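S.K.: One file is attached below, work.csv, containing CSV, C-alpha atoms.
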chain,number,residue,atom,x,y,z
L,382,MET,CA,161.3,121.7,220.3
L,383,PHE,CA,159.1,121.8,223.5
L,384,GLU,CA,159.5,123.3,227.0
L,385,ILE,CA,159.9,120.5,229.5
L,386,ASP,CA,156.7,119.6,231.3
L,387,LEU,CA,157.8,118.3,234.7
L,388,ASP,CA,154.8,116.1,235.3
L,389,LEU,CA,155.2,114.6,231.9
L,390,TYR,CA,159.0,114.2,232.4
L,391,ARG,CA,158.4,112.3,235.6
L,392,ALA,CA,156.0,110.0,233.9
L,393,CYS,CA,158.6,109.4,231.2
L,394,GLU,CA,161.2,108.5,233.9
L,395,ILE,CA,158.8,105.9,235.3
L,396,ALA,CA,158.1,104.5,231.9
L,397,LEU,CA,161.8,104.3,230.9
L,398,LYS,CA,163.4,103.2,234.2
L,399,GLN,CA,160.7,101.2,236.1
L,400,CYS,CA,158.7,99.8,233.2
L,401,MET,CA,161.3,99.3,230.5
L,402,GLY,CA,164.5,99.0,232.6
L,403,VAL,CA,166.5,101.2,230.3
L,404,LYS,CA,170.2,101.1,231.1
L,405,GLU,CA,173.1,103.4,230.2
L,406,GLY,CA,174.5,102.6,226.8
L,407,GLU,CA,171.4,100.8,225.5
L,408,SER,CA,169.8,101.9,222.2
L,409,VAL,CA,166.3,103.3,222.6
L,410,LEU,CA,164.2,104.0,219.5
L,411,ILE,CA,161.4,106.4,220.0
L,412,ILE,CA,158.8,106.1,217.2
L,413,VAL,CA,156.2,109.0,217.0
L,414,ASP,CA,153.9,110.7,214.6
L,415,LYS,CA,152.8,114.3,214.6
L,416,PRO,CA,150.0,114.1,217.2
L,417,GLU,CA,152.4,112.4,219.7
L,418,ARG,CA,155.4,114.7,219.2
L,419,LYS,CA,155.4,116.2,222.7
L,420,ILE,CA,155.3,112.9,224.5
L,421,GLY,CA,157.9,111.4,222.1
L,422,TYR,CA,160.2,114.4,222.6
L,423,HIS,CA,160.0,114.1,226.4
L,424,LEU,CA,160.8,110.4,226.2
L,425,TRP,CA,163.7,111.1,223.9
L,426,MET,CA,165.1,113.8,226.3
L,427,LYS,CA,164.7,111.5,229.3
L,428,ALA,CA,166.3,108.6,227.5
L,429,LYS,CA,169.3,110.8,226.7
L,430,GLU,CA,169.5,111.9,230.3
L,431,LEU,CA,169.6,108.2,231.4
L,432,GLY,CA,172.7,107.7,229.2
L,433,ALA,CA,170.9,105.8,226.4
L,434,GLU,CA,171.7,106.0,222.7
L,435,ALA,CA,168.4,107.6,222.1
L,436,VAL,CA,167.0,107.8,218.5
L,437,TYR,CA,163.9,109.8,217.6
L,438,VAL,CA,162.0,108.8,214.5
L,439,GLU,CA,158.8,110.4,213.2
L,440,ILE,CA,156.5,108.5,210.8
L,441,ILE,CA,153.5,109.7,208.8
L,442,PRO,CA,150.4,108.7,210.8
L,443,ARG,CA,149.0,105.3,209.8
L,444,LYS,CA,145.5,105.3,208.3
L,445,ILE,CA,144.1,102.6,210.7
L,446,HIS,CA,145.0,100.8,213.9
L,447,GLY,CA,147.2,97.8,213.1
L,448,GLU,CA,148.7,99.1,209.9
L,449,GLU,CA,152.4,98.3,209.5
L,450,PRO,CA,155.0,101.1,210.1
L,451,PRO,CA,157.2,101.9,207.1
L,452,ARG,CA,159.8,99.2,206.3
L,453,PRO,CA,162.9,101.2,207.3
L,454,VAL,CA,161.3,101.8,210.7
L,455,ALA,CA,160.3,98.1,211.0
L,456,GLU,CA,164.0,97.2,210.3
L,457,ALA,CA,165.3,99.7,212.8
L,458,MET,CA,163.0,98.2,215.4
L,459,LYS,CA,164.8,94.8,215.1
L,460,VAL,CA,168.2,96.2,216.1
L,461,ALA,CA,167.3,98.4,219.0
L,462,ASN,CA,167.5,97.3,222.6
L,463,VAL,CA,164.2,99.1,223.5
L,464,VAL,CA,161.4,100.5,221.3
L,465,ILE,CA,158.8,102.9,222.6
L,466,ALA,CA,156.1,104.0,220.2
L,467,PRO,CA,153.7,106.7,221.1
L,468,THR,CA,151.7,106.9,217.9
L,469,SER,CA,148.2,108.1,217.1
L,470,LYS,CA,147.3,104.8,215.4
L,471,SER,CA,148.3,101.5,217.0
L,472,ILE,CA,151.3,99.4,215.8
L,473,THR,CA,150.7,97.0,218.7
L,474,HIS,CA,149.3,94.2,216.5
L,475,THR,CA,151.7,94.4,213.7
L,476,LEU,CA,154.3,92.0,212.3
L,477,ALA,CA,156.9,94.7,212.8
L,478,LYS,CA,156.4,94.6,216.6
L,479,LYS,CA,156.1,90.8,216.6
L,480,GLU,CA,159.4,90.4,214.7
L,481,ALA,CA,161.2,92.9,216.9
L,482,CYS,CA,160.1,91.1,220.0
L,483,GLU,CA,161.3,87.8,218.5
L,484,LYS,CA,164.8,89.4,218.1
L,485,GLY,CA,164.8,90.1,221.8
L,486,VAL,CA,163.8,93.8,221.6
L,487,ARG,CA,161.8,95.2,224.5
L,488,VAL,CA,158.8,97.0,223.0
L,489,ALA,CA,156.2,99.3,224.5
L,490,THR,CA,153.4,100.7,222.3
L,491,LEU,CA,151.4,103.8,223.4
L,492,PRO,CA,148.7,104.2,220.7
L,493,GLY,CA,146.7,107.4,221.0
L,494,ILE,CA,148.3,108.3,224.4
L,495,THR,CA,147.5,111.7,225.8
L,496,GLU,CA,149.5,113.7,228.3
L,497,GLU,CA,146.8,113.5,230.9
L,498,MET,CA,146.4,109.7,230.5
L,499,PHE,CA,150.1,109.1,230.5
L,500,ILE,CA,150.7,111.1,233.7
L,501,ARG,CA,147.7,109.4,235.4
L,502,THR,CA,148.3,105.8,234.5
L,503,MET,CA,152.0,105.9,235.1
L,504,SER,CA,151.2,106.6,238.8
L,505,ALA,CA,149.6,103.1,239.2
L,506,ASP,CA,151.3,100.5,241.4
L,507,TYR,CA,152.8,98.3,238.7
L,508,GLY,CA,154.0,95.8,241.3
L,509,GLU,CA,150.3,95.0,242.1
L,510,ILE,CA,149.3,95.2,238.5
L,511,LEU,CA,152.0,92.6,237.7
L,512,LYS,CA,150.6,90.2,240.3
L,513,LEU,CA,147.0,90.6,239.3
L,514,THR,CA,147.8,90.3,235.6
L,515,ASN,CA,149.8,87.1,236.1
L,516,ARG,CA,147.1,85.6,238.3
L,517,ILE,CA,144.4,86.1,235.6
L,518,ALA,CA,146.7,85.0,232.8
L,519,ASP,CA,147.6,81.8,234.7
L,520,ILE,CA,143.8,81.0,234.8
L,521,LEU,CA,143.4,81.7,231.1
L,522,ASP,CA,146.4,79.5,230.3
L,523,LYS,CA,144.8,76.5,232.1
L,524,GLY,CA,141.3,77.2,230.7
L,525,SER,CA,139.4,75.7,227.8
L,526,MET,CA,136.0,77.4,227.6
L,527,VAL,CA,135.1,81.1,228.3
L,528,HIS,CA,131.5,82.3,228.9
L,529,ILE,CA,130.8,86.0,229.1
L,530,LYS,CA,127.4,87.4,230.3
L,531,THR,CA,126.1,90.8,231.1
L,532,SER,CA,122.7,92.4,232.1
L,533,LEU,CA,122.5,94.1,228.7
L,534,GLY,CA,122.4,90.8,226.8
L,535,THR,CA,125.9,89.6,226.3
L,536,ASP,CA,125.9,85.8,226.2
L,537,LEU,CA,129.1,84.6,224.4
L,538,ARG,CA,131.1,81.4,224.5
L,539,PHE,CA,134.4,80.5,222.9
L,540,SER,CA,137.3,78.1,223.3
L,541,ILE,CA,140.8,79.1,224.4
L,542,GLU,CA,142.0,75.5,224.6
L,543,GLY,CA,145.7,75.2,223.7
L,544,ARG,CA,146.2,78.9,223.6
L,545,LYS,CA,148.5,80.9,225.9
L,546,ALA,CA,147.6,84.2,227.5
L,547,ARG,CA,149.7,87.3,226.9
L,548,ARG,CA,150.6,89.5,229.9
L,549,SER,CA,150.7,93.2,229.3
L,550,THR,CA,151.9,94.0,232.7
L,551,GLY,CA,153.5,97.4,232.0
L,552,ILE,CA,156.8,96.0,233.0
L,553,TYR,CA,159.0,94.9,230.1
L,554,ARG,CA,162.6,94.5,231.4
L,555,ASN,CA,163.6,91.2,229.9
L,556,PRO,CA,164.6,90.5,226.2
L,557,GLY,CA,161.6,90.1,224.0
L,558,GLU,CA,159.0,91.3,226.4
L,559,CYS,CA,156.4,93.5,224.8
L,560,GLY,CA,153.1,95.3,225.6
L,561,ASN,CA,151.3,98.6,226.0
L,562,LEU,CA,152.1,101.5,228.2
L,563,PRO,CA,150.1,102.1,230.2
L,564,GLY,CA,149.7,98.4,231.3
L,565,ALA,CA,147.9,96.3,232.1
L,566,GLU,CA,145.8,93.5,230.8
L,567,ALA,CA,145.8,89.7,230.3
L,568,TYR,CA,144.6,88.7,226.9
L,569,ILE,CA,144.3,85.6,224.7
L,570,ALA,CA,143.4,84.6,221.2
L,571,PRO,CA,140.2,82.5,221.1
L,572,VAL,CA,140.3,79.5,218.9
L,573,GLU,CA,139.2,80.5,215.5
L,574,GLY,CA,135.7,79.4,214.5
L,575,THR,CA,134.6,78.6,218.1
L,576,ALA,CA,132.9,81.9,219.2
L,577,ASP,CA,129.1,81.8,219.2
L,578,GLY,CA,126.5,84.1,220.8
L,579,VAL,CA,126.0,87.8,221.4
L,580,ALA,CA,128.5,90.4,222.6
L,581,VAL,CA,127.0,93.8,223.7
L,582,ILE,CA,129.8,96.4,223.6
L,583,ASP,CA,128.7,99.2,226.0
L,584,GLY,CA,131.9,100.9,227.1
L,585,SER,CA,133.8,102.1,224.0
L,586,MET,CA,134.8,100.8,220.6
L,587,ALA,CA,138.2,101.3,218.8
L,588,GLY,CA,137.7,103.7,215.9
L,589,ILE,CA,134.6,105.2,217.5
L,590,GLY,CA,135.2,106.1,221.1
L,591,ILE,CA,132.9,106.2,224.1
L,592,LEU,CA,129.5,104.7,223.1
L,593,LYS,CA,126.3,106.6,223.6
L,594,ASN,CA,124.4,103.5,222.6
L,595,PRO,CA,125.5,99.9,222.9
L,596,ILE,CA,126.6,97.9,219.9
L,597,LYS,CA,125.2,94.4,219.6
L,598,LEU,CA,127.4,91.9,217.8
L,599,VAL,CA,125.8,88.6,216.7
L,600,ILE,CA,128.5,86.1,216.4
L,601,ARG,CA,128.4,82.7,214.6
L,602,ASP,CA,131.3,80.2,214.0
L,603,GLY,CA,133.9,82.8,215.1
L,604,PHE,CA,132.8,85.7,213.0
L,605,VAL,CA,130.5,88.7,213.4
L,606,GLU,CA,127.5,88.1,211.1
L,607,LYS,CA,125.3,91.0,212.2
L,608,ILE,CA,125.7,94.3,214.0
L,609,ASP,CA,122.7,96.0,215.6
L,610,GLY,CA,122.4,99.4,217.3
L,611,GLY,CA,122.3,103.1,216.4
L,612,ASP,CA,124.7,105.4,214.5
L,613,GLU,CA,127.8,103.9,216.2
L,614,ALA,CA,126.8,100.4,215.1
L,615,ARG,CA,126.4,101.6,211.6
L,616,LYS,CA,129.8,103.3,211.8
L,617,LEU,CA,131.4,100.0,212.9
L,618,GLU,CA,129.7,98.2,210.1
L,619,GLY,CA,131.1,100.7,207.6
L,620,ILE,CA,134.6,100.3,209.0
L,621,LEU,CA,134.5,96.5,208.8
L,622,SER,CA,132.9,96.4,205.3
L,623,LYS,CA,136.1,97.8,203.9
L,624,TYR,CA,138.2,94.8,205.0
L,625,GLY,CA,136.4,91.6,204.2
L,626,LYS,CA,135.4,88.6,206.4
L,627,GLU,CA,138.7,88.3,208.3
L,628,ALA,CA,138.1,91.8,209.9
L,629,ARG,CA,135.0,90.2,211.6
L,630,ASN,CA,137.0,87.5,213.3
L,631,ILE,CA,136.7,87.3,217.1
L,632,ALA,CA,140.4,87.9,217.6
L,633,GLU,CA,140.9,88.6,221.3
L,634,PHE,CA,139.5,88.2,224.8
L,635,GLY,CA,141.1,90.6,227.2
L,636,VAL,CA,140.8,91.5,230.9
L,637,GLY,CA,141.8,94.9,232.2
L,638,THR,CA,143.9,95.1,235.4
L,639,ASN,CA,144.8,98.8,235.9
L,640,PRO,CA,142.8,100.4,238.8
L,641,ARG,CA,144.0,103.9,237.8
L,642,ALA,CA,142.7,103.6,234.2
L,643,ARG,CA,139.2,104.8,233.3
L,644,ILE,CA,137.0,104.7,230.2
L,645,SER,CA,138.1,107.8,228.3
L,646,GLY,CA,137.3,107.0,224.7
L,647,ASN,CA,140.9,106.1,224.0
L,648,ILE,CA,141.1,102.3,223.6
L,649,LEU,CA,144.7,102.2,224.9
L,650,GLU,CA,143.4,103.2,228.3
L,651,ASP,CA,139.9,101.7,228.0
L,652,GLU,CA,141.0,98.2,227.6
L,653,LYS,CA,143.1,98.4,230.8
L,654,VAL,CA,140.2,99.4,233.1
L,655,PHE,CA,139.9,97.0,236.0
L,656,GLY,CA,136.5,95.5,236.1
L,657,THR,CA,136.0,95.4,232.3
L,658,VAL,CA,136.7,92.9,229.6
L,659,HIS,CA,137.1,93.4,225.9
L,660,ILE,CA,136.5,91.5,222.7
L,661,ALA,CA,138.6,92.5,219.6
L,662,LEU,CA,137.8,92.0,216.0
L,663,GLY,CA,140.3,91.3,213.2
L,664,SER,CA,143.9,90.3,213.4
L,665,ASN,CA,145.4,88.0,216.1
L,666,TYR,CA,148.4,86.5,214.3
L,667,ASP,CA,150.9,88.4,216.4
L,668,PHE,CA,149.7,86.9,219.7
L,669,GLY,CA,148.9,83.2,219.1
L,670,GLY,CA,146.1,83.2,216.6
L,671,THR,CA,146.0,82.4,212.9
L,672,ILE,CA,144.2,85.4,211.3
L,673,LYS,CA,146.1,88.2,209.5
L,674,ALA,CA,143.8,91.1,209.0
L,675,PRO,CA,144.5,94.8,208.3
L,676,VAL,CA,142.6,95.9,211.4
L,677,HIS,CA,142.4,95.1,215.1
L,678,LEU,CA,139.4,96.8,216.9
L,679,ASP,CA,138.7,96.4,220.6
L,680,GLY,CA,135.3,96.8,222.2
L,681,ILE,CA,134.9,97.3,225.9
L,682,ILE,CA,132.3,95.4,228.0
L,683,ARG,CA,131.4,96.9,231.4
L,684,LYS,CA,130.5,94.9,234.5
L,685,PRO,CA,130.9,91.4,233.0
L,686,THR,CA,130.3,88.1,234.5
L,687,VAL,CA,133.0,85.7,233.2
L,688,LEU,CA,133.3,82.0,233.7
L,689,ILE,CA,136.3,79.9,232.8
L,690,ASP,CA,135.3,76.2,232.5
L,691,GLY,CA,132.3,77.0,234.7
L,692,GLU,CA,134.3,78.7,237.4
L,693,TYR,CA,133.8,82.5,238.1
L,694,LEU,CA,136.5,84.9,237.2
L,695,PHE,CA,134.2,88.0,237.5
L,696,LYS,CA,130.7,88.5,238.8
L,697,ASP,CA,129.1,91.8,237.5
L,698,GLY,CA,132.6,93.3,237.1
L,699,LYS,CA,133.9,92.3,240.5
L,700,VAL,CA,136.9,90.0,240.5
L,701,VAL,CA,136.4,86.6,242.2
L,702,VAL,CA,139.8,85.0,242.0
Take the structure in the file and write it out as structure tokens.
M.R.:
Amino acid sequence: MFEIDLDLYRACEIALKQCMGVKEGESVLIIVDKPERKIGYHLWMKAKELGAEAVYVEIIPRKIHGEEPPRPVAEAMKVANVVIAPTSKSITHTLAKKEACEKGVRVATLPGITEEMFIRTMSADYGEILKLTNRIADILDKGSMVHIKTSLGTDLRFSIEGRKARRSTGIYRNPGECGNLPGAEAYIAPVEGTADGVAVIDGSMAGIGILKNPIKLVIRDGFVEKIDGGDEARKLEGILSKYGKEARNIAEFGVGTNPRARISGNILEDEKVFGTVHIALGSNYDFGGTIKAPVHLDGIIRKPTVLIDGEYLFKDGKVVV
């Protein structure tokens, strides 16, 4: 199908062996769509070389991030040992992924991954990422109130009391562990209805890409009630207007922990950039929230100051812990 790209093949080996811990004889399901065929093919070839029962499945590209995969594929995900999904639209925040993880499947999703991004981010020190991600997640687990501020006007508060952080470390070797490749981030579902204030998205926005002009979100009682800015703000308004109020839910607070990642316009990489945080809109049911929405859209905030219960986590994008 494709000639083997040696750099890409080495990245696949790191992903399968170091990150996913694939063992000989395990069943590895590779889910791709047309834009991601080359990466998927290299993963499939490497999985076969490692002695896995490798299965390659191509789906029709989903219309939006967070849309469920076809039911036959969702069912197949539940009976594999390992699922790796390089797809152009994210299946990270889907019930299919959630249910597979609950069955003990190790799942890595790679929405919108490019060859360049894959090769670059797989070269990170995942041992150090693991430590940093766990350290930040531990702080979130113990926290109650988050306050985010930036020089561009972000001033947002919300509760995380009683919620547990997820740890997308890039290392998923134990049954039921799931997350993105590349890692890494610590993320949590804010308590619904508690977010109030302003979030100025100035890095990138899922569904839009790198922002030329910031998008200002005015948030009341946990939902975006107003969007200000230029053309990109109007585009976001157009996306959200299709899906009702639940798409405007403040669904996620995340902290990037990968020093090799950079803001590229691809949200998979953007949300992992160390020194940034992100706020997501829409669904959070699959990671501890209560909202089921047909979308999950992340917006990246550069150089944040973040306080957890009044204690600094970041100052102007520099980690304090």
S.K.: Select all residues near (147.2, 95.0, 212.5) (cut-off 9 Å, inclusive, file coordinates), counting only C-alpha atoms, and output them as an MDAnalysis selection string.
M.R.: chainID L and resid 445:449 471:476 663:667 673:677
S.K.: Export C-alpha atoms of the chosen residues as a JSON list (two decimals), in the coordinates of the input?
M.R.:
[["chain", "number", "residue", "atom", "x", "y", "z"],
["L", 445, "ILE", "CA", 144.10, 102.60, 210.70],
["L", 446, "HIS", "CA", 145.00, 100.80, 213.90],
["L", 447, "GLY", "CA", 147.20, 97.80, 213.10],
["L", 448, "GLU", "CA", 148.70, 99.10, 209.90],
["L", 449, "GLU", "CA", 152.40, 98.30, 209.50],
["L", 471, "SER", "CA", 148.30, 101.50, 217.00],
["L", 472, "ILE", "CA", 151.30, 99.40, 215.80],
["L", 473, "THR", "CA", 150.70, 97.00, 218.70],
["L", 474, "HIS", "CA", 149.30, 94.20, 216.50],
["L", 475, "THR", "CA", 151.70, 94.40, 213.70],
["L", 476, "LEU", "CA", 154.30, 92.00, 212.30],
["L", 663, "GLY", "CA", 140.30, 91.30, 213.20],
["L", 664, "SER", "CA", 143.90, 90.30, 213.40],
["L", 665, "ASN", "CA", 145.40, 88.00, 216.10],
["L", 666, "TYR", "CA", 148.40, 86.50, 214.30],
["L", 667, "ASP", "CA", 150.90, 88.40, 216.40],
["L", 673, "LYS", "CA", 146.10, 88.20, 209.50],
["L", 674, "ALA", "CA", 143.80, 91.10, 209.00],
["L", 675, "PRO", "CA", 144.50, 94.80, 208.30],
["L", 676, "VAL", "CA", 142.60, 95.90, 211.40],
["L", 677, "HIS", "CA", 142.40, 95.10, 215.10]]
S.K.: Per residue of segment 577-686 of chain L within 10 Å of segment 566-572 of chain L, record the nearest atom pair and its distance in Å to one decimal, counting all atoms listed in the file, with rows in chain order and ascending residue number, as JSON lines.
M.R.:
{"residue": "L:Gly603", "atom": "CA", "partner": "L:Val572", "partner_atom": "CA", "distance": 8.1}
{"residue": "L:Asn630", "atom": "CA", "partner": "L:Pro571", "partner_atom": "CA", "distance": 9.8}
{"residue": "L:Ile631", "atom": "CA", "partner": "L:Pro571", "partner_atom": "CA", "distance": 7.2}
{"residue": "L:Ala632", "atom": "CA", "partner": "L:Ala570", "partner_atom": "CA", "distance": 5.7}
{"residue": "L:Glu633", "atom": "CA", "partner": "L:Ala570", "partner_atom": "CA", "distance": 4.7}
{"residue": "L:Phe634", "atom": "CA", "partner": "L:Ile569", "partner_atom": "CA", "distance": 5.5}
{"residue": "L:Gly635", "atom": "CA", "partner": "L:Tyr568", "partner_atom": "CA", "distance": 4.0}
{"residue": "L:Val636", "atom": "CA", "partner": "L:Ala567", "partner_atom": "CA", "distance": 5.3}
{"residue": "L:Gly637", "atom": "CA", "partner": "L:Glu566", "partner_atom": "CA", "distance": 4.5}
{"residue": "L:Thr638", "atom": "CA", "partner": "L:Glu566", "partner_atom": "CA", "distance": 5.2}
{"residue": "L:Asn639", "atom": "CA", "partner": "L:Glu566", "partner_atom": "CA", "distance": 7.4}
{"residue": "L:Glu652", "atom": "CA", "partner": "L:Glu566", "partner_atom": "CA", "distance": 7.4}
{"residue": "L:Lys653", "atom": "CA", "partner": "L:Glu566", "partner_atom": "CA", "distance": 5.6}
{"residue": "L:Val654", "atom": "CA", "partner": "L:Glu566", "partner_atom": "CA", "distance": 8.5}
{"residue": "L:Phe655", "atom": "CA", "partner": "L:Glu566", "partner_atom": "CA", "distance": 8.6}
{"residue": "L:Val658", "atom": "CA", "partner": "L:Glu566", "partner_atom": "CA", "distance": 9.2}
{"residue": "L:His659", "atom": "CA", "partner": "L:Tyr568", "partner_atom": "CA", "distance": 8.9}
{"residue": "L:Ile660", "atom": "CA", "partner": "L:Tyr568", "partner_atom": "CA", "distance": 9.5}
{"residue": "L:Ala661", "atom": "CA", "partner": "L:Ala570", "partner_atom": "CA", "distance": 9.4}
{"residue": "L:Ser664", "atom": "CA", "partner": "L:Ala570", "partner_atom": "CA", "distance": 9.7}
{"residue": "L:Asn665", "atom": "CA", "partner": "L:Ala570", "partner_atom": "CA", "distance": 6.4}
{"residue": "L:Tyr666", "atom": "CA", "partner": "L:Ala570", "partner_atom": "CA", "distance": 8.7}
{"residue": "L:Asp667", "atom": "CA", "partner": "L:Ala570", "partner_atom": "CA", "distance": 9.7}
{"residue": "L:Phe668", "atom": "CA", "partner": "L:Ala570", "partner_atom": "CA", "distance": 6.9}
{"residue": "L:Gly669", "atom": "CA", "partner": "L:Ala570", "partner_atom": "CA", "distance": 6.1}
{"residue": "L:Gly670", "atom": "CA", "partner": "L:Ala570", "partner_atom": "CA", "distance": 5.5}
{"residue": "L:Thr671", "atom": "CA", "partner": "L:Val572", "partner_atom": "CA", "distance": 8.8}
{"residue": "L:Ile672", "atom": "CA", "partner": "L:Ala570", "partner_atom": "CA", "distance": 10.0}
S.K.: Those same residues, written as a PDB file, keeping the file's coordinate frame with C-alpha atoms?
M.R.:
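The resulting file, out08.pdb, is reproduced below:
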ATOM      1  CA  GLY L 603     133.900  82.800 215.100  1.00  0.00           C
ATOM      2  CA  ASN L 630     137.000  87.500 213.300  1.00  0.00           C
ATOM      3  CA  ILE L 631     136.700  87.300 217.100  1.00  0.00           C
ATOM      4  CA  ALA L 632     140.400  87.900 217.600  1.00  0.00           C
ATOM      5  CA  GLU L 633     140.900  88.600 221.300  1.00  0.00           C
ATOM      6  CA  PHE L 634     139.500  88.200 224.800  1.00  0.00           C
ATOM      7  CA  GLY L 635     141.100  90.600 227.200  1.00  0.00           C
ATOM      8  CA  VAL L 636     140.800  91.500 230.900  1.00  0.00           C
ATOM      9  CA  GLY L 637     141.800  94.900 232.200  1.00  0.00           C
ATOM     10  CA  THR L 638     143.900  95.100 235.400  1.00  0.00           C
ATOM     11  CA  ASN L 639     144.800  98.800 235.900  1.00  0.00           C
ATOM     12  CA  GLU L 652     141.000  98.200 227.600  1.00  0.00           C
ATOM     13  CA  LYS L 653     143.100  98.400 230.800  1.00  0.00           C
ATOM     14  CA  VAL L 654     140.200  99.400 233.100  1.00  0.00           C
ATOM     15  CA  PHE L 655     139.900  97.000 236.000  1.00  0.00           C
ATOM     16  CA  VAL L 658     136.700  92.900 229.600  1.00  0.00           C
ATOM     17  CA  HIS L 659     137.100  93.400 225.900  1.00  0.00           C
ATOM     18  CA  ILE L 660     136.500  91.500 222.700  1.00  0.00           C
ATOM     19  CA  ALA L 661     138.600  92.500 219.600  1.00  0.00           C
ATOM     20  CA  SER L 664     143.900  90.300 213.400  1.00  0.00           C
ATOM     21  CA  ASN L 665     145.400  88.000 216.100  1.00  0.00           C
ATOM     22  CA  TYR L 666     148.400  86.500 214.300  1.00  0.00           C
ATOM     23  CA  ASP L 667     150.900  88.400 216.400  1.00  0.00           C
ATOM     24  CA  PHE L 668     149.700  86.900 219.700  1.00  0.00           C
ATOM     25  CA  GLY L 669     148.900  83.200 219.100  1.00  0.00           C
ATOM     26  CA  GLY L 670     146.100  83.200 216.600  1.00  0.00           C
ATOM     27  CA  THR L 671     146.000  82.400 212.900  1.00  0.00           C
ATOM     28  CA  ILE L 672     144.200  85.400 211.300  1.00  0.00           C
TER      29      ILE L 672
END
S.K.: Would you pick out the contacts of segment 533-539 of chain L at 9 Å or less, using all atoms listed in the file, so that residues sharing its chain but fewer than 3 positions from it are not included, and give the list as a CSV table (one decimal) with C-alpha atoms, keeping the file's coordinate frame?
M.R.:
chain,number,residue,atom,x,y,z
L,525,SER,CA,139.4,75.7,227.8
L,526,MET,CA,136.0,77.4,227.6
L,527,VAL,CA,135.1,81.1,228.3
L,528,HIS,CA,131.5,82.3,228.9
L,529,ILE,CA,130.8,86.0,229.1
L,530,LYS,CA,127.4,87.4,230.3
L,571,PRO,CA,140.2,82.5,221.1
L,572,VAL,CA,140.3,79.5,218.9
L,573,GLU,CA,139.2,80.5,215.5
L,574,GLY,CA,135.7,79.4,214.5
L,575,THR,CA,134.6,78.6,218.1
L,576,ALA,CA,132.9,81.9,219.2
L,577,ASP,CA,129.1,81.8,219.2
L,578,GLY,CA,126.5,84.1,220.8
L,579,VAL,CA,126.0,87.8,221.4
L,580,ALA,CA,128.5,90.4,222.6
L,581,VAL,CA,127.0,93.8,223.7
L,582,ILE,CA,129.8,96.4,223.6
L,583,ASP,CA,128.7,99.2,226.0
L,595,PRO,CA,125.5,99.9,222.9
L,597,LYS,CA,125.2,94.4,219.6
L,598,LEU,CA,127.4,91.9,217.8
L,600,ILE,CA,128.5,86.1,216.4
L,603,GLY,CA,133.9,82.8,215.1
L,682,ILE,CA,132.3,95.4,228.0
L,685,PRO,CA,130.9,91.4,233.0
S.K.: Can you measure atom CA of Tyr553 of chain L to atom CA of Met586 of chain L for me? One decimal in Å is fine.
M.R.: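 Taking atom CA of Tyr553 of chain L and atom CA of Met586 of chain L, their separation equals 26.7 Å.
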S.K.: What does the distance from atom CA of Gly646 of chain L to atom CA of Ile517 of chain L come to in Å, to one decimal?
M.R.: 24.6 Å
S.K.: Smallest atom-to-atom distance to Thr550 of chain L: which of L:Lys699, L:Lys398, L:Arg629, L:Arg516, using only C-alpha atoms?
M.R.: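 Selected residue with least distance to Thr550 of chain L: L:Arg516.
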S.K.: Under the rule that only C-alpha atoms are counted, which of L:Lys415, L:His423, L:Lys404, L:Lys696 is the nearest residue to Arg391 of chain L?
M.R.: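 Closest to Arg391 of chain L, using only C-alpha atoms: L:His423.
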S.K.: Which residues come within 7 Å of segment 454-458 of chain L, counting all atoms listed in the file, excluding same-chain residues fewer than 3 positions away, as a VMD selection string?
M.R.: chain L and resid 450 to 451 461 464 477 481
S.K.: Find the residues with any atom within 12 Å of (132.2, 100.8, 211.2); use all atoms listed in the file and the coordinates as given in the file, and write the answer as a PyMOL selection string.
M.R.: chain L and resi 586-590+596+608-624+628-629+662+676+678
S.K.: Would you work out the distance separating atom CA of Ala433 of chain L from atom CA of Arg487 of chain L, expressed in Å to one decimal?
M.R.: 14.1 Å
S.K.: My list of candidates is L:Val486, L:Leu521, L:Ile689, L:Val460. Which is closest to Lys545 of chain L when distances are computed with all atoms listed in the file?
M.R.: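 Ranking L:Val486, L:Leu521, L:Ile689, L:Val460 by distance to Lys545 of chain L, first place goes to L:Leu521.
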S.K.: With distances taken over all atoms listed in the file, which of L:Ser540, L:Thr657, L:Asn561, L:Ser532 is nearest to Pro492 of chain L?
M.R.: L:Asn561
S.K.: Considering all atoms listed in the file, can you say which of L:Lys607, L:Lys478, L:Arg643, L:Arg544 comes closest to Ser585 of chain L?
M.R.: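 Looking only at the distances to Ser585 of chain L, the closest residue turns out to be L:Arg643.
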S.K.: Which residue, L:Met426, L:Cys400, L:Leu592, L:Ile385, has the smallest gap to Asp506 of chain L when you use all atoms listed in the file?
M.R.: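 Residue with the minimum atom-to-atom distance to Asp506 of chain L: L:Cys400.
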S.K.: Provide segment 583-587 of chain L rebuilt to N, CA and C atoms, formatted as a JSON list (two decimals), in the frame of the given file.
M.R.:
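Saved result, out_34.json, follows:
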[["chain", "number", "residue", "atom", "x", "y", "z"],
["L", 583, "ASP", "N", 129.36, 98.04, 225.39],
["L", 583, "ASP", "CA", 128.70, 99.20, 226.00],
["L", 583, "ASP", "C", 129.62, 100.19, 226.64],
["L", 584, "GLY", "N", 130.92, 99.99, 226.52],
["L", 584, "GLY", "CA", 131.90, 100.90, 227.10],
["L", 584, "GLY", "C", 132.41, 101.86, 225.98],
["L", 585, "SER", "N", 133.30, 101.34, 225.17],
["L", 585, "SER", "CA", 133.80, 102.10, 224.00],
["L", 585, "SER", "C", 134.23, 101.11, 222.95],
["L", 586, "MET", "N", 134.46, 101.66, 221.75],
["L", 586, "MET", "CA", 134.80, 100.80, 220.60],
["L", 586, "MET", "C", 135.97, 101.53, 219.86],
["L", 587, "ALA", "N", 137.04, 100.78, 219.58],
["L", 587, "ALA", "CA", 138.20, 101.30, 218.80],
["L", 587, "ALA", "C", 137.65, 101.89, 217.49]]
